[in-house]
Structure formats: C-alpha cells, structure tokens
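Data file: start.tsv. Format and content: TSV, C-alpha atoms.
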chain	number	residue	atom	x	y	z
A	1	MET	CA	11.74	-1.11	-49.17
A	2	ILE	CA	8.76	0.04	-47.12
A	3	ILE	CA	9.47	2.48	-44.29
A	4	LEU	CA	6.89	2.65	-41.51
A	5	PHE	CA	6.54	5.87	-39.55
A	6	ILE	CA	5.03	5.39	-36.09
A	7	LEU	CA	3.47	8.53	-34.73
A	8	ASN	CA	4.05	8.83	-31.00
A	9	THR	CA	1.08	10.94	-29.99
A	10	LEU	CA	1.41	12.99	-26.81
A	11	LEU	CA	-1.07	15.16	-24.94
A	12	TYR	CA	-0.86	18.62	-23.42
A	13	GLN	CA	-3.34	21.00	-21.88
A	14	ASN	CA	-3.64	24.73	-22.40
A	15	GLY	CA	-6.51	26.13	-20.37
A	16	ASP	CA	-9.70	24.45	-21.61
A	17	THR	CA	-7.97	23.05	-24.70
A	18	LEU	CA	-6.54	19.54	-24.99
A	19	ILE	CA	-3.70	19.48	-27.52
A	20	PHE	CA	-2.60	16.35	-29.40
A	21	THR	CA	0.93	16.37	-30.81
A	22	ALA	CA	3.09	14.02	-32.86
A	23	GLN	CA	6.69	14.61	-33.95
A	24	ASP	CA	6.54	18.06	-32.34
A	25	SER	CA	3.56	19.08	-34.48
A	26	ILE	CA	0.00	19.76	-33.34
A	27	ILE	CA	-2.32	17.25	-35.01
A	28	ASP	CA	-5.60	18.00	-33.21
A	29	ARG	CA	-7.29	20.06	-30.52
A	30	TRP	CA	-10.29	19.35	-28.31
A	31	VAL	CA	-11.91	22.40	-26.75
A	32	LEU	CA	-13.59	21.59	-23.46
A	33	GLY	CA	-15.05	23.93	-20.82
A	34	GLU	CA	-18.73	24.82	-20.47
A	35	THR	CA	-21.51	24.67	-23.05
A	36	VAL	CA	-25.30	24.85	-22.95
A	37	GLN	CA	-27.59	22.55	-24.92
A	38	GLN	CA	-31.26	23.13	-25.55
A	39	ILE	CA	-33.27	19.87	-25.61
A	40	ASP	CA	-36.96	20.64	-26.20
A	41	SER	CA	-37.79	23.14	-23.45
A	42	LEU	CA	-34.97	22.01	-21.19
A	43	LYS	CA	-31.60	23.75	-21.01
A	44	ILE	CA	-28.68	21.56	-20.00
A	45	ARG	CA	-25.37	23.01	-18.88
A	46	ILE	CA	-22.46	20.69	-19.72
A	47	ILE	CA	-19.08	21.15	-18.05
A	48	ARG	CA	-16.13	19.10	-19.31
A	49	LYS	CA	-12.76	18.97	-17.55
A	50	VAL	CA	-9.63	16.98	-18.32
A	51	LYS	CA	-6.67	15.42	-16.54
A	52	ILE	CA	-3.60	14.00	-18.30
A	53	SER	CA	-1.33	11.18	-17.16
A	54	PRO	CA	2.29	11.98	-16.12
A	55	ASN	CA	3.62	10.35	-19.30
A	56	ASN	CA	1.25	12.45	-21.47
A	57	LYS	CA	-0.15	9.30	-23.13
A	58	PHE	CA	-3.51	8.91	-21.38
A	59	PHE	CA	-6.25	11.28	-20.28
A	60	PHE	CA	-9.75	11.39	-18.90
A	61	ILE	CA	-12.64	13.73	-19.46
A	62	HIS	CA	-14.96	14.40	-16.56
A	63	GLU	CA	-18.40	15.52	-17.67
A	64	GLU	CA	-21.11	17.07	-15.54
A	65	ARG	CA	-24.52	17.54	-17.10
A	66	ASP	CA	-26.56	20.00	-15.10
A	67	PRO	CA	-30.21	20.21	-16.18
A	68	TYR	CA	-31.78	23.29	-14.64
A	69	ASN	CA	-33.96	22.44	-11.61
A	70	ARG	CA	-32.82	18.79	-11.70
A	71	PRO	CA	-29.95	16.84	-10.08
A	72	SER	CA	-26.73	16.93	-12.08
A	73	GLN	CA	-25.31	13.83	-13.74
A	74	THR	CA	-21.60	12.98	-13.92
A	75	LYS	CA	-19.49	10.56	-15.88
A	76	ILE	CA	-15.80	9.96	-16.56
A	77	VAL	CA	-14.25	8.60	-19.76
A	78	PHE	CA	-10.64	7.43	-20.09
A	79	TYR	CA	-8.76	7.56	-23.40
A	80	ASP	CA	-5.32	6.93	-24.76
A	81	ALA	CA	-3.48	9.58	-26.76
A	82	ASP	CA	-4.85	8.14	-30.00
A	83	LYS	CA	-8.38	8.91	-28.74
A	84	ASN	CA	-9.29	5.28	-28.20
A	85	ARG	CA	-11.89	5.00	-25.45
A	86	ILE	CA	-10.58	2.66	-22.72
A	87	TRP	CA	-13.12	2.92	-19.91
A	88	GLU	CA	-16.29	4.81	-19.04
A	89	GLU	CA	-18.13	5.18	-15.73
A	90	SER	CA	-21.38	7.02	-14.99
A	91	ALA	CA	-22.41	7.91	-11.45
A	92	ASP	CA	-25.55	6.56	-9.85
A	93	LYS	CA	-28.40	9.07	-9.67
A	94	ASP	CA	-27.67	9.88	-6.00
A	95	ARG	CA	-23.87	10.00	-6.47
A	96	MET	CA	-21.29	12.20	-8.22
A	97	ILE	CA	-17.90	11.29	-9.66
A	98	SER	CA	-15.32	13.59	-8.06
A	99	PHE	CA	-13.09	15.37	-10.57
A	100	ARG	CA	-10.75	16.52	-7.80
A	101	LEU	CA	-10.19	13.07	-6.33
A	102	SER	CA	-10.24	11.00	-9.52
A	103	ASN	CA	-6.86	10.72	-11.18
A	104	ILE	CA	-4.79	9.07	-13.88
A	105	TYR	CA	-1.30	7.65	-13.35
A	106	ASP	CA	-0.16	6.49	-16.77
A	107	SER	CA	-2.06	3.21	-17.28
A	108	LEU	CA	-3.48	3.15	-13.71
A	109	PHE	CA	-6.81	4.98	-13.47
A	110	ILE	CA	-8.45	5.99	-10.18
A	111	VAL	CA	-12.11	6.94	-9.83
A	112	VAL	CA	-13.73	8.35	-6.70
A	113	ASP	CA	-17.43	8.94	-6.30
A	114	VAL	CA	-19.21	10.66	-3.41
A	115	ASP	CA	-22.76	11.44	-2.36
A	116	ARG	CA	-24.22	14.80	-3.33
A	117	ASN	CA	-22.85	16.40	-0.18
A	118	GLY	CA	-19.28	15.22	-0.90
A	119	TYR	CA	-19.36	12.48	1.76
A	120	ASN	CA	-19.42	8.67	1.91
A	121	PRO	CA	-16.79	8.16	-0.81
A	122	SER	CA	-15.84	5.03	-2.68
A	123	LEU	CA	-12.59	4.60	-4.61
A	124	TRP	CA	-11.68	2.09	-7.29
A	125	THR	CA	-8.87	1.50	-9.75
A	126	ILE	CA	-8.96	0.47	-13.38
A	127	LYS	CA	-5.91	-1.27	-14.86
A	128	SER	CA	-5.80	-3.40	-18.00
A	129	ARG	CA	-9.56	-2.87	-18.28
A	130	LYS	CA	-10.18	-4.46	-14.88
A	131	LYS	CA	-12.05	-2.67	-12.10
A	132	ASP	CA	-10.91	-3.14	-8.49
A	133	ILE	CA	-12.78	-1.64	-5.51
A	134	ILE	CA	-10.22	-0.24	-3.04
A	135	ILE	CA	-12.38	1.79	-0.64
A	136	GLU	CA	-16.02	0.79	-0.31
A	137	ARG	CA	-18.85	3.15	0.52
A	138	GLY	CA	-19.28	3.60	4.24
A	139	LYS	CA	-15.68	2.89	5.21
A	140	TRP	CA	-14.79	6.59	5.53
A	141	GLU	CA	-16.87	9.72	5.85
A	142	ARG	CA	-14.52	11.73	3.63
A	143	ILE	CA	-11.35	11.39	1.57
A	144	ILE	CA	-9.37	14.62	1.79
A	145	ASN	CA	-6.42	13.70	-0.42
A	146	TYR	CA	-4.18	10.78	-1.32
A	147	GLU	CA	-0.84	9.90	-2.90
A	148	ILE	CA	0.34	6.91	-4.94
A	149	SER	CA	3.80	5.38	-4.72
A	150	PRO	CA	5.97	5.86	-7.85
A	151	ASN	CA	5.54	2.17	-8.74
A	152	TYR	CA	1.73	2.55	-8.38
A	153	ARG	CA	1.51	-0.27	-5.83
A	154	TYR	CA	0.75	1.61	-2.60
A	155	LEU	CA	-1.82	4.28	-1.81
A	156	VAL	CA	-1.91	6.53	1.26
A	157	SER	CA	-4.74	8.92	2.02
A	158	ASN	CA	-5.89	11.47	4.55
A	159	THR	CA	-9.41	10.37	5.45
A	160	ARG	CA	-11.96	11.46	8.06
A	161	ASN	CA	-14.40	9.59	10.26
A	162	ARG	CA	-16.28	10.15	13.48
A	163	TYR	CA	-14.43	9.21	16.66
A	164	PHE	CA	-16.41	9.67	19.88
A	165	SER	CA	-18.90	11.87	17.99
A	166	ARG	CA	-16.14	14.14	16.61
A	167	ILE	CA	-14.84	14.26	13.04
A	168	GLN	CA	-11.18	13.20	13.20
A	169	ASP	CA	-8.39	12.86	10.67
A	170	TYR	CA	-6.95	9.46	9.86
A	171	ILE	CA	-4.05	8.24	7.78
A	172	TYR	CA	-5.11	5.23	5.73
A	173	SER	CA	-2.77	3.17	3.54
A	174	ILE	CA	-3.30	0.08	1.40
A	175	ASP	CA	-1.17	-2.26	-0.69
A	176	LEU	CA	-3.10	-2.27	-3.97
A	177	LYS	CA	-1.71	-5.70	-4.90
A	178	LEU	CA	-2.13	-7.64	-1.65
A	179	LYS	CA	-5.04	-5.56	-0.26
A	180	LYS	CA	-3.30	-5.28	3.13
A	181	ASP	CA	-4.20	-1.99	4.80
A	182	TRP	CA	-3.76	-0.03	8.01
A	183	HIS	CA	-4.98	3.22	9.51
A	184	TYR	CA	-3.73	5.67	12.10
A	185	LEU	CA	-5.81	8.16	14.10
A	186	PHE	CA	-4.00	11.43	13.54
A	187	PRO	CA	-3.36	13.34	16.80
A	188	LEU	CA	-5.02	16.72	16.72
A	189	CYS	CA	-5.67	19.30	19.40
A	190	PRO	CA	-9.50	19.38	19.84
A	191	THR	CA	-9.47	23.16	20.29
A	192	CYS	CA	-7.20	23.83	17.26
A	193	LYS	CA	-8.26	24.49	13.71
A	194	ARG	CA	-7.68	21.69	11.22
A	195	VAL	CA	-4.21	21.74	9.73
A	196	LYS	CA	-2.96	20.73	6.30
A	197	ILE	CA	-1.62	17.18	6.15
A	198	ASP	CA	0.87	16.35	3.39
A	199	LEU	CA	1.58	12.77	2.40
A	200	ASN	CA	4.46	10.93	0.74
A	201	ILE	CA	4.81	7.21	0.02
A	202	ASP	CA	7.73	5.37	-1.55
A	203	ASN	CA	8.01	2.17	-3.57
A	204	SER	CA	8.41	0.06	-0.42
A	205	GLY	CA	5.15	1.38	1.06
A	206	LYS	CA	6.87	3.54	3.68
A	207	VAL	CA	4.72	6.57	4.48
A	208	GLU	CA	5.74	10.09	5.53
A	209	VAL	CA	3.08	12.34	7.05
A	210	ILE	CA	3.91	16.05	7.38
A	211	SER	CA	1.89	18.58	9.36
A	212	LYS	CA	2.98	21.89	10.94
A	213	GLY	CA	6.64	20.89	10.50
A	214	GLU	CA	6.11	17.54	12.22
A	215	HIS	CA	7.19	14.47	10.24
A	216	ARG	CA	5.80	11.06	11.13
A	217	ILE	CA	7.19	7.98	9.41
A	218	PHE	CA	5.35	4.65	9.13
A	219	SER	CA	6.41	1.28	7.76
A	220	LYS	CA	4.33	-0.37	5.06
A	221	GLU	CA	2.63	-2.37	7.83
A	222	GLY	CA	1.63	0.86	9.61
A	223	LYS	CA	4.22	0.71	12.39
A	224	PHE	CA	5.16	4.18	13.70
A	225	ILE	CA	8.95	4.14	13.17
A	226	ASP	CA	10.18	7.73	13.35
A	227	TYR	CA	9.27	11.29	14.26
A	228	PHE	CA	11.21	14.51	13.70
A	229	LEU	CA	10.72	18.26	13.29
A	230	GLY	CA	11.65	20.04	10.11
A	231	SER	CA	10.58	22.80	7.75
A	232	GLU	CA	7.37	22.22	5.79

Mind turning the file's structure into structure tokens?
Amino acid sequence: MIILFILNTLLYQNGDTLIFTAQDSIIDRWVLGETVQQIDSLKIRIIRKVKISPNNKFFFIHEERDPYNRPSQTKIVFYDADKNRIWEESADKDRMISFRLSNIYDSLFIVVDVDRNGYNPSLWTIKSRKKDIIIERGKWERIINYEISPNYRYLVSNTRNRYFSRIQDYIYSIDLKLKKDWHYLFPLCPTCKRVKIDLNIDNSGKVEVISKGEHRIFSKEGKFIDYFLGSE
C-alpha cells in the first residue's frame, strides 16, 4: 500500500523574513528587505516587501528598484505557498505600483498603481489569472483606503476628487461582479482639518462609514439608510 503525504504549506512573516512551514516545521525562509547591486558603474538599491493572504496560502512581493539619479521602477509578483508564480505586473515608466494600496485576499489579488506623486490611481483585480480593471486612471485624484466584503464581492473606498476647486472626500463603492457602483460626497466642514474615515462593508454590499463617532449606513445601491452617533 502506498501512502501519500500532502504537505500543506503555509506562510508567515517575521520582520523582513518570509517563513514557509509544513506540518508545523519550517521548510524554507526568504529574506527580503533592502539590498544594493552594482551593475557596471551604476548602483541600484532594491527594496522588497511582502504581504500575505488571510489564509496564509498566497503572498506577493513588491519590488522597487531605485537606480541612483534615475526614476525608480516597481513591480509586483504574486505566488502561492508552494512558490509557484501566479501573476506579475510591472509599472509603466511614469507610474509606480503602490505597496500600501495593493493587497491580497486569499485568491483575489488587488493591484493599485499611481503616478510618481501618488495621484491619479488605477485599481484592478486578478482572480483565476484574469485581470479586471475596477478603477480607471482619471476617475479619482486619490485613493485613501478601501475595504473588501468578506465574500470578496464588494469594494468600498475613501477617495478624493476636486469639487468646486477644493479637494473633497468621497465614498465610492462597486459590486465587483456586476460592476454597479455609486459614490457619495462626504460632508466635511471646509474650515476643519481632514478627519479619519473608517469603512466597513458586509456580504450584502451594505456600507458603514465612521468618522468622529458619526456612523452613516448605505445600502448596496448607495441609498443613505441610517445615521447614528457612537464611540469610534
């Protein structure tokens, strides 16, 4: 009788080190962080960062190559826990892939790129090796943050655009399956400093927006359905 042992590889991060485990044993380590390469007379600083999926079975490595006195170059590579390369994206020469805004939700990958000033973002998803543009360049001036529903169907984000020559906060939500979206101009005192906006979204697409103890609730269609005060 032949007995097959299937190694269920999982991933963990400790500082700049990516740790691969199977059956509670460490089977490999990848050390990331910052290195410097010398190519002819040119020194290139390479910075590698990692994010791991919630189920510890997928990860991406964000790489920034920074040649001295030249524009930096960025790329992002997605892997599974067995180190199989699933997807790779390199930024255009006038763009940068955002490590902060790119993310990995189990088998759903999100990539955000921006211009070199951090503006004019675009956002796309990769699932089952298919790329889907969700936010095109020029739609928003900035993406501040976003959240994904637990079933990975709905996305809600805090974005910014100009409104009567002023930069204003918006709440933007989209059904990733049907591509139905809505936005809401967030009320903000013009003389006040910008406040933190927290976002939640459930599996039905219902959105909760929290700011300074104020809770605003929206339906999946963007209808304002509730408002209450509570602790942040």

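With only C-alpha atoms as the atoms that count, the minimum distance from Phe109 of chain A to the choices A:Pro121, A:Pro54, A:Gly213, A:Gly222 is reached by A:Pro54.
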
Using all atoms listed in the file, which protein or nucleic acid residues come within 7 Å of Pro67 of chain A? Drop anything in the same chain fewer than 4 positions from it, and give the result as number ranges by chain. A: 43-45, 71-72

### Message
Which residues are close to segment 12-29 of chain A, i.e. within 12 Å by all atoms listed in the file, leaving aside same-chain residues fewer than 4 positions away? Reply as a PyMOL selection string.
### Response
chain A and resi 5-8+33-35+47-61+80-83

Notebook entry, point to check: Which residues, written as a list in words, have at least one atom at most 6 Å from segment 91-106 of chain A, with all atoms listed in the file counted and residues fewer than 5 positions away on the same chain left out?
Noted result: Ser53, Asn55, Thr74, Lys75, Val111, Val112, Asp113, Val114, Asp115 and Arg116 of chain A

Could you rebuild segment 158-186 of chain A with N, CA and C atoms and give it back as a compact mmCIF listing (two decimals), in the coordinates of the input?
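See part_39.txt below for the written result:
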# COMPACT_ATOMS: atom_id res chain seq x y z
N ASN A 158 -5.38 10.79 3.36
CA ASN A 158 -5.89 11.47 4.55
C ASN A 158 -7.41 11.35 4.49
N THR A 159 -7.97 10.59 5.42
CA THR A 159 -9.41 10.37 5.45
C THR A 159 -9.98 10.95 6.74
N ARG A 160 -11.30 10.98 6.83
CA ARG A 160 -11.96 11.46 8.06
C ARG A 160 -13.13 10.55 8.41
N ASN A 161 -13.28 10.35 9.71
CA ASN A 161 -14.40 9.59 10.26
C ASN A 161 -14.75 10.15 11.62
N ARG A 162 -15.89 9.74 12.12
CA ARG A 162 -16.28 10.15 13.48
C ARG A 162 -15.56 9.26 14.50
N TYR A 163 -15.08 9.91 15.55
CA TYR A 163 -14.43 9.21 16.66
C TYR A 163 -14.94 9.85 17.94
N PHE A 164 -15.75 9.10 18.70
CA PHE A 164 -16.41 9.67 19.88
C PHE A 164 -17.18 10.94 19.51
N SER A 165 -17.97 10.83 18.48
CA SER A 165 -18.90 11.87 17.99
C SER A 165 -18.20 13.07 17.36
N ARG A 166 -16.86 13.05 17.26
CA ARG A 166 -16.14 14.14 16.61
C ARG A 166 -15.55 13.66 15.29
N ILE A 167 -15.49 14.58 14.30
CA ILE A 167 -14.84 14.26 13.04
C ILE A 167 -13.33 14.36 13.24
N GLN A 168 -12.62 13.25 12.99
CA GLN A 168 -11.18 13.20 13.20
C GLN A 168 -10.47 12.79 11.91
N ASP A 169 -9.22 13.23 11.81
CA ASP A 169 -8.39 12.86 10.67
C ASP A 169 -7.72 11.52 10.91
N TYR A 170 -7.65 10.73 9.84
CA TYR A 170 -6.95 9.46 9.86
C TYR A 170 -5.95 9.42 8.70
N ILE A 171 -4.92 8.61 8.88
CA ILE A 171 -4.05 8.24 7.78
C ILE A 171 -4.40 6.80 7.43
N TYR A 172 -4.72 6.57 6.17
CA TYR A 172 -5.11 5.23 5.73
C TYR A 172 -4.22 4.84 4.55
N SER A 173 -3.64 3.62 4.62
CA SER A 173 -2.77 3.17 3.54
C SER A 173 -3.13 1.74 3.16
N ILE A 174 -2.97 1.41 1.88
CA ILE A 174 -3.30 0.08 1.40
C ILE A 174 -2.32 -0.35 0.31
N ASP A 175 -1.95 -1.61 0.36
CA ASP A 175 -1.17 -2.26 -0.69
C ASP A 175 -2.17 -2.67 -1.77
N LEU A 176 -2.11 -2.04 -2.93
CA LEU A 176 -3.10 -2.27 -3.97
C LEU A 176 -3.02 -3.68 -4.54
N LYS A 177 -1.87 -4.33 -4.38
CA LYS A 177 -1.71 -5.70 -4.90
C LYS A 177 -2.22 -6.74 -3.91
N LEU A 178 -1.78 -6.64 -2.65
CA LEU A 178 -2.13 -7.64 -1.65
C LEU A 178 -3.38 -7.30 -0.85
N LYS A 179 -3.86 -6.05 -0.98
CA LYS A 179 -5.04 -5.56 -0.26
C LYS A 179 -4.83 -5.53 1.27
N LYS A 180 -3.58 -5.45 1.71
CA LYS A 180 -3.30 -5.28 3.13
C LYS A 180 -3.33 -3.80 3.44
N ASP A 181 -4.06 -3.41 4.50
CA ASP A 181 -4.20 -1.99 4.80
C ASP A 181 -4.01 -1.73 6.29
N TRP A 182 -3.86 -0.46 6.62
CA TRP A 182 -3.76 -0.03 8.01
C TRP A 182 -4.25 1.41 8.11
N HIS A 183 -4.61 1.83 9.31
CA HIS A 183 -4.98 3.22 9.51
C HIS A 183 -4.44 3.71 10.85
N TYR A 184 -4.32 5.02 10.94
CA TYR A 184 -3.73 5.67 12.10
C TYR A 184 -4.57 6.90 12.43
N LEU A 185 -5.05 6.99 13.65
CA LEU A 185 -5.81 8.16 14.10
C LEU A 185 -4.84 9.30 14.31
N PHE A 186 -4.97 10.34 13.50
CA PHE A 186 -4.00 11.43 13.54
C PHE A 186 -4.23 12.29 14.78
